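Chemist: Pasting work-v3.pdb here (PDB, C-alpha atoms):
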```pdb
ATOM      1  CA  MET A   1       0.000   0.000   0.000
ATOM      2  CA  ALA A   2       2.616   2.495  -1.189
ATOM      3  CA  GLY A   3       2.044   6.029   0.042
ATOM      4  CA  PHE A   4      -0.423   5.091   2.793
ATOM      5  CA  SER A   5       0.292   4.478   6.460
ATOM      6  CA  TYR A   6      -2.829   2.371   6.980
ATOM      7  CA  GLU A   7      -4.771  -0.194   5.008
ATOM      8  CA  PHE A   8      -8.135   0.894   6.447
ATOM      9  CA  GLY A   9      -9.295   4.127   8.044
ATOM     10  CA  PHE A  10     -12.725   4.454   9.656
ATOM     11  CA  ILE A  11     -14.498   7.795   9.711
ATOM     12  CA  GLY A  12     -16.920   7.312  12.593
ATOM     13  CA  MET A  13     -16.722   4.673  15.296
ATOM     14  CA  GLY A  14     -20.278   3.831  16.285
ATOM     15  CA  ASN A  15     -21.558   0.286  16.772
ATOM     16  CA  MET A  16     -21.274  -0.584  13.089
ATOM     17  CA  GLY A  17     -17.808   0.891  12.698
ATOM     18  CA  LEU A  18     -16.590  -1.005  15.746
ATOM     19  CA  ALA A  19     -18.163  -4.234  14.486
ATOM     20  CA  MET A  20     -16.352  -3.958  11.159
ATOM     21  CA  MET A  21     -13.061  -3.047  12.815
ATOM     22  CA  LYS A  22     -13.256  -6.053  15.140
ATOM     23  CA  GLY A  23     -13.778  -8.285  12.127
ATOM     24  CA  LEU A  24     -10.719  -6.849  10.394
ATOM     25  CA  LEU A  25      -8.590  -7.436  13.477
ATOM     26  CA  GLY A  26      -8.947 -11.159  12.812
ATOM     27  CA  ASN A  27      -6.896 -10.657   9.622
ATOM     28  CA  TYR A  28      -4.860  -7.504  10.215
ATOM     29  CA  GLU A  29      -2.517  -6.200  12.886
ATOM     30  CA  PRO A  30      -3.891  -3.184  14.805
ATOM     31  CA  GLY A  31      -1.139  -1.065  13.256
ATOM     32  CA  LYS A  32      -2.728  -1.494   9.807
ATOM     33  CA  LEU A  33      -5.922   0.253  10.939
ATOM     34  CA  THR A  34      -6.876   3.688  12.197
ATOM     35  CA  PHE A  35     -10.082   5.608  12.933
ATOM     36  CA  SER A  36     -11.532   8.936  13.938
ATOM     37  CA  ASP A  37     -14.690   9.962  15.742
ATOM     38  CA  LYS A  38     -16.286  13.204  16.937
ATOM     39  CA  SER A  39     -16.025  11.992  20.543
ATOM     40  CA  ARG A  40     -12.537  11.966  22.066
ATOM     41  CA  GLU A  41     -13.840   9.800  24.907
ATOM     42  CA  ARG A  42     -15.145   7.255  22.393
ATOM     43  CA  MET A  43     -11.827   7.173  20.535
ATOM     44  CA  GLU A  44      -9.842   6.594  23.705
ATOM     45  CA  ASP A  45     -12.212   3.828  24.791
ATOM     46  CA  VAL A  46     -12.064   2.004  21.432
ATOM     47  CA  ALA A  47      -8.274   2.371  21.251
ATOM     48  CA  ALA A  48      -7.932   0.854  24.720
ATOM     49  CA  ARG A  49     -10.215  -2.054  23.802
ATOM     50  CA  THR A  50      -8.767  -2.857  20.361
ATOM     51  CA  GLY A  51      -5.171  -1.649  20.326
ATOM     52  CA  VAL A  52      -5.928   0.440  17.209
ATOM     53  CA  ASN A  53      -4.550   3.984  17.324
ATOM     54  CA  PHE A  54      -6.921   6.788  16.396
ATOM     55  CA  SER A  55      -6.165   9.764  14.157
ATOM     56  CA  SER A  56      -6.370  13.344  15.366
ATOM     57  CA  ASP A  57      -9.207  14.198  12.982
ATOM     58  CA  ASN A  58     -11.213  12.910   9.996
ATOM     59  CA  GLU A  59      -8.945  14.554   7.445
ATOM     60  CA  SER A  60      -5.724  12.979   8.692
ATOM     61  CA  CYS A  61      -7.469   9.614   9.055
ATOM     62  CA  ALA A  62      -8.598   9.724   5.425
ATOM     63  CA  LYS A  63      -5.320  11.012   3.983
ATOM     64  CA  GLN A  64      -3.318   8.186   5.557
ATOM     65  CA  SER A  65      -5.643   5.307   4.582
ATOM     66  CA  ARG A  66      -5.791   3.228   1.434
ATOM     67  CA  CYS A  67      -9.437   2.366   2.122
ATOM     68  CA  VAL A  68     -11.613   5.066   3.684
ATOM     69  CA  ILE A  69     -14.742   3.731   5.374
ATOM     70  CA  LEU A  70     -17.514   6.283   5.873
ATOM     71  CA  ALA A  71     -19.154   4.677   8.902
ATOM     72  CA  VAL A  72     -21.533   7.548   9.622
ATOM     73  CA  LYS A  73     -25.292   8.048   9.422
ATOM     74  CA  PRO A  74     -26.864   9.739   6.366
ATOM     75  CA  GLN A  75     -27.715  12.894   8.341
ATOM     76  CA  GLN A  76     -24.025  13.288   9.258
ATOM     77  CA  LEU A  77     -22.673  12.616   5.788
ATOM     78  CA  ASP A  78     -22.740  16.122   4.285
ATOM     79  CA  ARG A  79     -20.828  17.620   7.221
ATOM     80  CA  VAL A  80     -18.277  14.788   7.192
ATOM     81  CA  ILE A  81     -17.702  14.928   3.432
ATOM     82  CA  GLU A  82     -17.305  18.704   3.582
ATOM     83  CA  GLY A  83     -14.185  18.143   5.665
ATOM     84  CA  LEU A  84     -12.858  15.320   3.484
ATOM     85  CA  ARG A  85     -13.067  16.773  -0.040
ATOM     86  CA  ASP A  86      -9.369  17.603  -0.170
ATOM     87  CA  ALA A  87      -8.276  14.544   1.807
ATOM     88  CA  VAL A  88      -9.457  11.759  -0.513
ATOM     89  CA  SER A  89      -8.121  10.990  -3.988
ATOM     90  CA  GLU A  90      -9.101   8.760  -6.897
ATOM     91  CA  GLU A  91      -6.385   6.247  -6.017
ATOM     92  CA  GLN A  92      -8.110   5.410  -2.725
ATOM     93  CA  ILE A  93     -11.119   3.166  -2.162
ATOM     94  CA  VAL A  94     -14.079   4.834  -0.454
ATOM     95  CA  ILE A  95     -16.605   2.556   1.290
ATOM     96  CA  SER A  96     -19.921   4.025   2.428
ATOM     97  CA  ILE A  97     -22.479   2.275   4.635
ATOM     98  CA  ALA A  98     -24.995   5.148   4.702
ATOM     99  CA  PRO A  99     -28.468   3.885   3.656
ATOM    100  CA  GLY A 100     -30.296   5.816   0.966
ATOM    101  CA  VAL A 101     -27.209   7.597  -0.403
ATOM    102  CA  SER A 102     -26.266   6.436  -3.896
ATOM    103  CA  VAL A 103     -22.822   6.196  -5.441
ATOM    104  CA  ALA A 104     -23.745   9.069  -7.770
ATOM    105  CA  ASP A 105     -24.844  11.164  -4.768
ATOM    106  CA  LEU A 106     -21.553  10.487  -3.014
ATOM    107  CA  ARG A 107     -19.489  11.473  -6.038
ATOM    108  CA  GLU A 108     -21.505  14.676  -6.351
ATOM    109  CA  LYS A 109     -20.962  15.476  -2.673
ATOM    110  CA  PHE A 110     -17.214  14.926  -3.018
ATOM    111  CA  GLY A 111     -17.130  16.818  -6.304
ATOM    112  CA  ARG A 112     -14.959  14.254  -8.052
ATOM    113  CA  PRO A 113     -15.249  10.764  -9.639
ATOM    114  CA  LEU A 114     -13.994   8.765  -6.666
ATOM    115  CA  ARG A 115     -13.950   4.975  -6.678
ATOM    116  CA  ILE A 116     -16.806   4.195  -4.317
ATOM    117  CA  VAL A 117     -18.128   0.977  -2.806
ATOM    118  CA  ARG A 118     -21.627   1.241  -1.362
ATOM    119  CA  ALA A 119     -22.539  -1.335   1.278
ATOM    120  CA  MET A 120     -25.250  -2.285   3.737
ATOM    121  CA  PRO A 121     -23.869  -4.390   6.623
ATOM    122  CA  ASN A 122     -25.734  -5.311   9.814
ATOM    123  CA  THR A 123     -24.938  -5.405  13.522
ATOM    124  CA  PRO A 124     -24.403  -9.206  13.823
ATOM    125  CA  ALA A 125     -21.009  -8.313  12.369
ATOM    126  CA  LEU A 126     -20.128  -7.694  16.016
ATOM    127  CA  VAL A 127     -20.031 -11.470  16.524
ATOM    128  CA  GLY A 128     -18.637 -12.318  13.081
ATOM    129  CA  GLU A 129     -22.025 -13.249  11.635
ATOM    130  CA  GLY A 130     -22.818 -10.141   9.625
ATOM    131  CA  MET A 131     -24.581 -10.065   6.266
ATOM    132  CA  THR A 132     -23.575  -7.327   3.841
ATOM    133  CA  GLY A 133     -24.993  -6.337   0.483
ATOM    134  CA  VAL A 134     -22.351  -4.576  -1.633
ATOM    135  CA  THR A 135     -22.488  -2.663  -4.895
ATOM    136  CA  PHE A 136     -19.636  -1.199  -6.951
ATOM    137  CA  ASP A 137     -18.398  -0.971 -10.537
ATOM    138  CA  PRO A 138     -15.917  -3.876 -10.998
ATOM    139  CA  ALA A 139     -14.301  -2.050 -13.928
ATOM    140  CA  LEU A 140     -12.903   0.571 -11.533
ATOM    141  CA  PHE A 141     -10.945  -1.902  -9.396
ATOM    142  CA  ASP A 142      -8.175  -4.320 -10.279
ATOM    143  CA  GLU A 143      -8.182  -7.952  -9.170
ATOM    144  CA  GLU A 144      -6.165  -7.313  -6.025
ATOM    145  CA  GLU A 145      -8.427  -4.435  -4.974
ATOM    146  CA  THR A 146     -11.563  -6.490  -5.601
ATOM    147  CA  ALA A 147     -10.146  -9.232  -3.378
ATOM    148  CA  LEU A 148      -9.343  -6.596  -0.740
ATOM    149  CA  ILE A 149     -12.937  -5.320  -0.811
ATOM    150  CA  ARG A 150     -14.402  -8.799  -0.540
ATOM    151  CA  GLY A 151     -11.947  -9.713   2.224
ATOM    152  CA  PHE A 152     -12.970  -6.623   4.156
ATOM    153  CA  PHE A 153     -16.627  -7.652   4.263
ATOM    154  CA  THR A 154     -16.064 -11.379   4.761
ATOM    155  CA  SER A 155     -13.903 -10.606   7.794
ATOM    156  CA  PHE A 156     -17.122 -10.056   9.756
ATOM    157  CA  GLY A 157     -19.603 -12.332   7.976
ATOM    158  CA  ARG A 158     -21.077 -13.059   4.559
ATOM    159  CA  VAL A 159     -21.229 -10.757   1.534
ATOM    160  CA  GLU A 160     -23.343 -10.614  -1.624
ATOM    161  CA  LEU A 161     -22.704  -8.365  -4.617
ATOM    162  CA  VAL A 162     -25.969  -6.764  -5.786
ATOM    163  CA  GLU A 163     -27.060  -4.140  -8.290
ATOM    164  CA  GLU A 164     -27.284  -0.696  -6.749
ATOM    165  CA  LYS A 165     -31.007  -0.444  -7.507
ATOM    166  CA  LEU A 166     -31.503  -3.385  -5.094
ATOM    167  CA  ILE A 167     -29.483  -2.014  -2.170
ATOM    168  CA  ASP A 168     -32.570  -0.580  -0.426
ATOM    169  CA  ALA A 169     -34.064  -4.085  -0.476
ATOM    170  CA  VAL A 170     -30.899  -5.250   1.293
ATOM    171  CA  VAL A 171     -31.631  -2.721   4.044
ATOM    172  CA  CYS A 172     -35.051  -4.366   4.478
ATOM    173  CA  VAL A 173     -34.001  -8.006   4.522
ATOM    174  CA  SER A 174     -30.644  -7.654   6.244
ATOM    175  CA  GLY A 175     -29.717  -4.211   7.510
ATOM    176  CA  SER A 176     -32.788  -3.519   9.647
ATOM    177  CA  SER A 177     -34.136  -7.029  10.152
ATOM    178  CA  PRO A 178     -32.000  -8.005  13.173
ATOM    179  CA  ALA A 179     -34.266  -5.692  15.200
ATOM    180  CA  TYR A 180     -37.296  -7.705  14.084
ATOM    181  CA  VAL A 181     -35.543 -10.970  14.945
ATOM    182  CA  TYR A 182     -34.699  -9.680  18.423
ATOM    183  CA  MET A 183     -38.362  -8.793  18.888
ATOM    184  CA  PHE A 184     -39.353 -12.317  17.831
ATOM    185  CA  ILE A 185     -36.846 -13.874  20.240
ATOM    186  CA  GLU A 186     -38.124 -11.665  23.044
ATOM    187  CA  ALA A 187     -41.752 -12.527  22.300
ATOM    188  CA  LEU A 188     -40.987 -16.247  22.036
ATOM    189  CA  ALA A 189     -39.139 -16.141  25.367
ATOM    190  CA  ASP A 190     -42.022 -14.221  26.955
ATOM    191  CA  SER A 191     -44.424 -16.910  25.804
ATOM    192  CA  ALA A 192     -42.381 -19.550  27.661
ATOM    193  CA  VAL A 193     -42.003 -17.367  30.779
ATOM    194  CA  LYS A 194     -45.793 -17.135  30.787
ATOM    195  CA  TYR A 195     -45.901 -20.887  31.422
ATOM    196  CA  GLY A 196     -43.211 -20.866  34.107
ATOM    197  CA  LEU A 197     -39.862 -21.232  32.348
ATOM    198  CA  PRO A 198     -37.152 -19.016  33.908
ATOM    199  CA  ARG A 199     -36.461 -15.973  31.727
ATOM    200  CA  ALA A 200     -32.754 -16.637  31.211
ATOM    201  CA  VAL A 201     -33.485 -20.199  30.117
ATOM    202  CA  ALA A 202     -36.337 -19.076  27.869
ATOM    203  CA  CYS A 203     -34.134 -16.450  26.164
ATOM    204  CA  GLU A 204     -31.338 -18.944  25.605
ATOM    205  CA  MET A 205     -33.697 -21.518  24.120
ATOM    206  CA  ALA A 206     -35.442 -19.000  21.867
ATOM    207  CA  ALA A 207     -32.158 -17.541  20.628
ATOM    208  CA  GLN A 208     -30.650 -20.973  19.968
ATOM    209  CA  ALA A 209     -33.785 -22.011  18.085
ATOM    210  CA  VAL A 210     -33.395 -19.002  15.803
ATOM    211  CA  LEU A 211     -29.650 -19.607  15.381
ATOM    212  CA  GLY A 212     -30.113 -23.295  14.600
ATOM    213  CA  SER A 213     -33.004 -22.670  12.226
ATOM    214  CA  ALA A 214     -31.021 -20.053  10.316
ATOM    215  CA  LYS A 215     -28.086 -22.434  10.063
ATOM    216  CA  MET A 216     -30.387 -25.117   8.648
ATOM    217  CA  VAL A 217     -31.483 -22.724   5.879
ATOM    218  CA  LEU A 218     -27.919 -21.718   5.022
ATOM    219  CA  GLU A 219     -26.301 -25.147   5.219
ATOM    220  CA  THR A 220     -29.004 -27.366   3.684
ATOM    221  CA  GLY A 221     -29.915 -24.994   0.872
ATOM    222  CA  LYS A 222     -33.546 -25.999   1.333
ATOM    223  CA  HIS A 223     -36.403 -23.521   1.029
ATOM    224  CA  PRO A 224     -37.592 -22.276   4.442
ATOM    225  CA  GLY A 225     -41.072 -23.525   3.625
ATOM    226  CA  GLU A 226     -39.765 -27.058   3.131
ATOM    227  CA  LEU A 227     -37.915 -26.959   6.438
ATOM    228  CA  LYS A 228     -41.038 -25.614   8.133
ATOM    229  CA  ASP A 229     -43.064 -28.508   6.726
ATOM    230  CA  GLN A 230     -40.559 -30.984   8.172
ATOM    231  CA  VAL A 231     -41.356 -29.719  11.674
ATOM    232  CA  CYS A 232     -45.127 -29.750  11.173
ATOM    233  CA  SER A 233     -46.443 -33.243  11.852
ATOM    234  CA  PRO A 234     -50.052 -33.796  10.712
ATOM    235  CA  GLY A 235     -52.422 -32.862  13.508
ATOM    236  CA  GLY A 236     -49.508 -31.945  15.767
ATOM    237  CA  THR A 237     -48.550 -29.077  18.054
ATOM    238  CA  THR A 238     -46.398 -27.184  15.560
ATOM    239  CA  ILE A 239     -49.003 -26.930  12.819
ATOM    240  CA  ALA A 240     -51.434 -25.616  15.426
ATOM    241  CA  GLY A 241     -48.943 -22.877  16.283
ATOM    242  CA  VAL A 242     -48.299 -22.138  12.583
ATOM    243  CA  ALA A 243     -52.043 -21.803  12.005
ATOM    244  CA  ALA A 244     -52.219 -19.268  14.838
ATOM    245  CA  LEU A 245     -49.322 -17.264  13.353
ATOM    246  CA  GLU A 246     -51.152 -17.189  10.030
ATOM    247  CA  GLU A 247     -54.392 -16.151  11.716
ATOM    248  CA  TYR A 248     -52.727 -13.234  13.482
ATOM    249  CA  GLY A 249     -50.787 -12.107  10.427
ATOM    250  CA  LEU A 250     -47.102 -12.857  11.049
ATOM    251  CA  ARG A 251     -46.195 -12.850   7.356
ATOM    252  CA  ASN A 252     -48.174  -9.705   6.638
ATOM    253  CA  ALA A 253     -46.607  -7.905   9.622
ATOM    254  CA  VAL A 254     -43.089  -8.755   8.412
ATOM    255  CA  ILE A 255     -43.837  -7.633   4.853
ATOM    256  CA  LYS A 256     -45.384  -4.388   6.135
ATOM    257  CA  ALA A 257     -42.255  -3.775   8.226
ATOM    258  CA  SER A 258     -40.129  -4.137   5.086
ATOM    259  CA  ASP A 259     -42.483  -1.807   3.191
ATOM    260  CA  ALA A 260     -42.023   0.851   5.895
ATOM    261  CA  CYS A 261     -38.258   0.336   5.879
ATOM    262  CA  TYR A 262     -38.069   0.606   2.068
ATOM    263  CA  ALA A 263     -40.214   3.746   2.079
ATOM    264  CA  LYS A 264     -37.879   5.356   4.620
ATOM    265  CA  CYS A 265     -34.847   4.501   2.471
ATOM    266  CA  SER A 266     -36.554   6.077  -0.528
ATOM    267  CA  LYS A 267     -37.302   9.192   1.500
ATOM    268  CA  ILE A 268     -33.648   9.496   2.515
ATOM    269  CA  SER A 269     -32.665   9.112  -1.143
TER     270      SER A 269
END
```
Could you render the structure from this file as structure tokens?
Modeler:
Amino acid sequence: MAGFSYEFGFIGMGNMGLAMMKGLLGNYEPGKLTFSDKSRERMEDVAARTGVNFSSDNESCAKQSRCVILAVKPQQLDRVIEGLRDAVSEEQIVISIAPGVSVADLREKFGRPLRIVRAMPNTPALVGEGMTGVTFDPALFDEEETALIRGFFTSFGRVELVEEKLIDAVVCVSGSSPAYVYMFIEALADSAVKYGLPRAVACEMAAQAVLGSAKMVLETGKHPGELKDQVCSPGGTTIAGVAALEEYGLRNAVIKASDACYAKCSKIS
């Protein structure tokens, strides 16, 4: 990485930035990474926890980094980019995780044709089980850079390359959905507590059921409906529960949640 002190530099160190950094630390020495954040207290805390040194400000962080990760929220983006216009060049790779902000928008904000990767990761990256949808123009990156980009995202989970017009759908199915899953786990645990199971045990069982079920989908390659049918014995307890979920609109509620999420992304755009 001739000319750069760091392989990756994070602008912003919230939960998502920290999750991605922790993933990278499985493949890179702390000295290959740097970051900046508006909170000095936050920077000192993260540095103490990870061994990664922070930069004095956003501009110095960006100038020294081969890959510049914009790990900030959409409402913070204009202010952050304003301070980075002269710090980022076309030879660097810029990665943005801001929902609703297109590659074209980002180039316009920077005022130059930067090489930009737009991504939508999710918070399970904190435990190495993230899911990220990524979009970029492969023609702008050589083979080594493409491998670097993919390696960045796979360091904290799985990655899928998608067309940019589909990235808002990624927000729905992956970026925001962990919140819905946590709500389901909480509700499922509550239902067991109602019948006397200790809360800690109920939460563990509900969470493991979700984890195991997800692993079945990913590792068997079977359609979720087929796996559901395998649990539903004729006239049994599970099909009775499934019928109740259908009656009270589980599927419709999930789809409506995605509709609301997609509409919000469109509004940001």
Chemist: Go ahead and compute the interatomic distance for CA of Met13 in chain A and CA of Asp37 in chain A, in Å to one decimal.
Modeler: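 Interatomic distance, CA of Met13 in chain A to CA of Asp37 in chain A: 5.7 Å.
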Chemist: Could you check how far CA of Cys265 in chain A sits from CA of Pro99 in chain A, in Å to one decimal?
Modeler: 6.5 Å
Chemist: Would you mind telling me which residue in A:Ala47, A:Leu77, A:Val254, A:Val88 lies nearest to Lys63 in chain A when using all atoms listed in the file?
Modeler: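 Among A:Ala47, A:Leu77, A:Val254, A:Val88, it is A:Val88 that comes nearest to Lys63 in chain A.
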Chemist: With 7 Å as the threshold, what does the neighbourhood of (-21.5, 15.2, 2.8) contain in terms of residues, counting all atoms listed in the file? Coordinates are those of the file; answer as number ranges by chain.
Modeler: A: 77-82, 109
Chemist: Distance CA of Pro178 in chain A-CA of Ala200 in chain A, one decimal place?
Modeler: 20.0 Å
Chemist: Measuring atom to atom with only C-alpha atoms, identify which of A:Asp45, A:Glu246, A:Asp259, A:Glu219 is nearest to Ala169 in chain A.
Modeler: A:Asp259
Chemist: Applying 7 Å and all atoms listed in the file, which residues near Arg115 in chain A remain after dropping the ones on its own chain fewer than 4 positions away? List them as an MDAnalysis selection string.
Modeler: chainID A and resid 90 93:94 140
Chemist: Could you please take those selected residues and save C-alpha atoms as a JSON list (two decimals), keeping the file's coordinate frame?
Modeler:
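Full text of result-v7.json as output:
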```json
[["chain", "number", "residue", "atom", "x", "y", "z"],
["A", 90, "GLU", "CA", -9.10, 8.76, -6.90],
["A", 93, "ILE", "CA", -11.12, 3.17, -2.16],
["A", 94, "VAL", "CA", -14.08, 4.83, -0.45],
["A", 140, "LEU", "CA", -12.90, 0.57, -11.53]]
```
Chemist: Could you state which residues are captured by the PyMOL selection byres ((chain A and resi 18) around 10) in this file, as a PDB file with C-alpha atoms, keeping the file's coordinate frame?
Modeler:
```
ATOM      1  CA  PHE A  10     -12.725   4.454   9.656  1.00  0.00           C
ATOM      2  CA  GLY A  12     -16.920   7.312  12.593  1.00  0.00           C
ATOM      3  CA  MET A  13     -16.722   4.673  15.296  1.00  0.00           C
ATOM      4  CA  GLY A  14     -20.278   3.831  16.285  1.00  0.00           C
ATOM      5  CA  ASN A  15     -21.558   0.286  16.772  1.00  0.00           C
ATOM      6  CA  MET A  16     -21.274  -0.584  13.089  1.00  0.00           C
ATOM      7  CA  GLY A  17     -17.808   0.891  12.698  1.00  0.00           C
ATOM      8  CA  ALA A  19     -18.163  -4.234  14.486  1.00  0.00           C
ATOM      9  CA  MET A  20     -16.352  -3.958  11.159  1.00  0.00           C
ATOM     10  CA  MET A  21     -13.061  -3.047  12.815  1.00  0.00           C
ATOM     11  CA  LYS A  22     -13.256  -6.053  15.140  1.00  0.00           C
ATOM     12  CA  GLY A  23     -13.778  -8.285  12.127  1.00  0.00           C
ATOM     13  CA  LEU A  24     -10.719  -6.849  10.394  1.00  0.00           C
ATOM     14  CA  PHE A  35     -10.082   5.608  12.933  1.00  0.00           C
ATOM     15  CA  VAL A  46     -12.064   2.004  21.432  1.00  0.00           C
ATOM     16  CA  THR A  50      -8.767  -2.857  20.361  1.00  0.00           C
ATOM     17  CA  ALA A  71     -19.154   4.677   8.902  1.00  0.00           C
ATOM     18  CA  THR A 123     -24.938  -5.405  13.522  1.00  0.00           C
ATOM     19  CA  ALA A 125     -21.009  -8.313  12.369  1.00  0.00           C
ATOM     20  CA  LEU A 126     -20.128  -7.694  16.016  1.00  0.00           C
TER      21      LEU A 126
END
```
Chemist: Translate the PyMOL selection byres ((chain A and resi 54-60) around 8), as applied to the file shown, into an explicit residue set as a list in words.
Modeler: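 Evaluating the PyMOL selection byres ((chain A and resi 54-60) around 8) on these coordinates yields Ile11, Thr34, Phe35, Ser36, Asp37, Met43, Glu44, Ala47, Val52, Asn53, Cys61, Ala62, Lys63, Gln64, Val80, Gly83, Leu84 and Ala87 of chain A.
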Chemist: Which neighbours of Ala260 in chain A fall inside 12 Å, counting all atoms listed in the file, when residues of the same chain fewer than 6 positions from it are skipped, and could you give them as an MDAnalysis selection string?
Modeler: chainID A and resid 168:169 171:172 176:177 253:254 266:267
Chemist: Would you kindly return, as a list in words, each protein, DNA or RNA residue with an atom no farther than 9 Å from any atom of Pro124 in chain A, considering all atoms listed in the file and excluding same-chain residues fewer than 5 positions away?
Modeler: Ala19, Glu129, Gly130, Met131, Phe156, Gly157 and Pro178 of chain A
Chemist: Using C-alpha atoms, can you write the selected residues to a file as a PDB file, keeping the file's coordinate frame?
Modeler:
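Final output, part.pdb:
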```pdb
ATOM      1  CA  ALA A  19     -18.163  -4.234  14.486  1.00  0.00           C
ATOM      2  CA  GLU A 129     -22.025 -13.249  11.635  1.00  0.00           C
ATOM      3  CA  GLY A 130     -22.818 -10.141   9.625  1.00  0.00           C
ATOM      4  CA  MET A 131     -24.581 -10.065   6.266  1.00  0.00           C
ATOM      5  CA  PHE A 156     -17.122 -10.056   9.756  1.00  0.00           C
ATOM      6  CA  GLY A 157     -19.603 -12.332   7.976  1.00  0.00           C
ATOM      7  CA  PRO A 178     -32.000  -8.005  13.173  1.00  0.00           C
TER       8      PRO A 178
END
```
Chemist: What would the selection look like, as a list of chain:residue names, if the PyMOL selection byres ((chain A and resi 148) around 12) were run on the coordinates I just shared?
Modeler: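 Given this file, the PyMOL selection byres ((chain A and resi 148) around 12) evaluates to A:Met1, A:Glu7, A:Phe8, A:Leu24, A:Asn27, A:Tyr28, A:Arg66, A:Cys67, A:Ile93, A:Ile95, A:Val117, A:Phe141, A:Asp142, A:Glu143, A:Glu144, A:Glu145, A:Thr146, A:Ala147, A:Ile149, A:Arg150, A:Gly151, A:Phe152, A:Phe153, A:Thr154, A:Ser155.
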Chemist: For Gly26 in chain A, which residue among A:Ile97, A:Ala48, A:Val127, A:Ala240 is the nearest when counting all atoms listed in the file?
Modeler: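 Among the listed residues, A:Val127 lies closest to Gly26 in chain A.
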Chemist: From the set A:Gly111, A:Glu247, A:Gln230, A:Gly51, which residue has the shortest atom-to-atom contact distance to Glu29 in chain A, counting all atoms listed in the file?
Modeler: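 Closest residue, counting all atoms listed in the file: A:Gly51.
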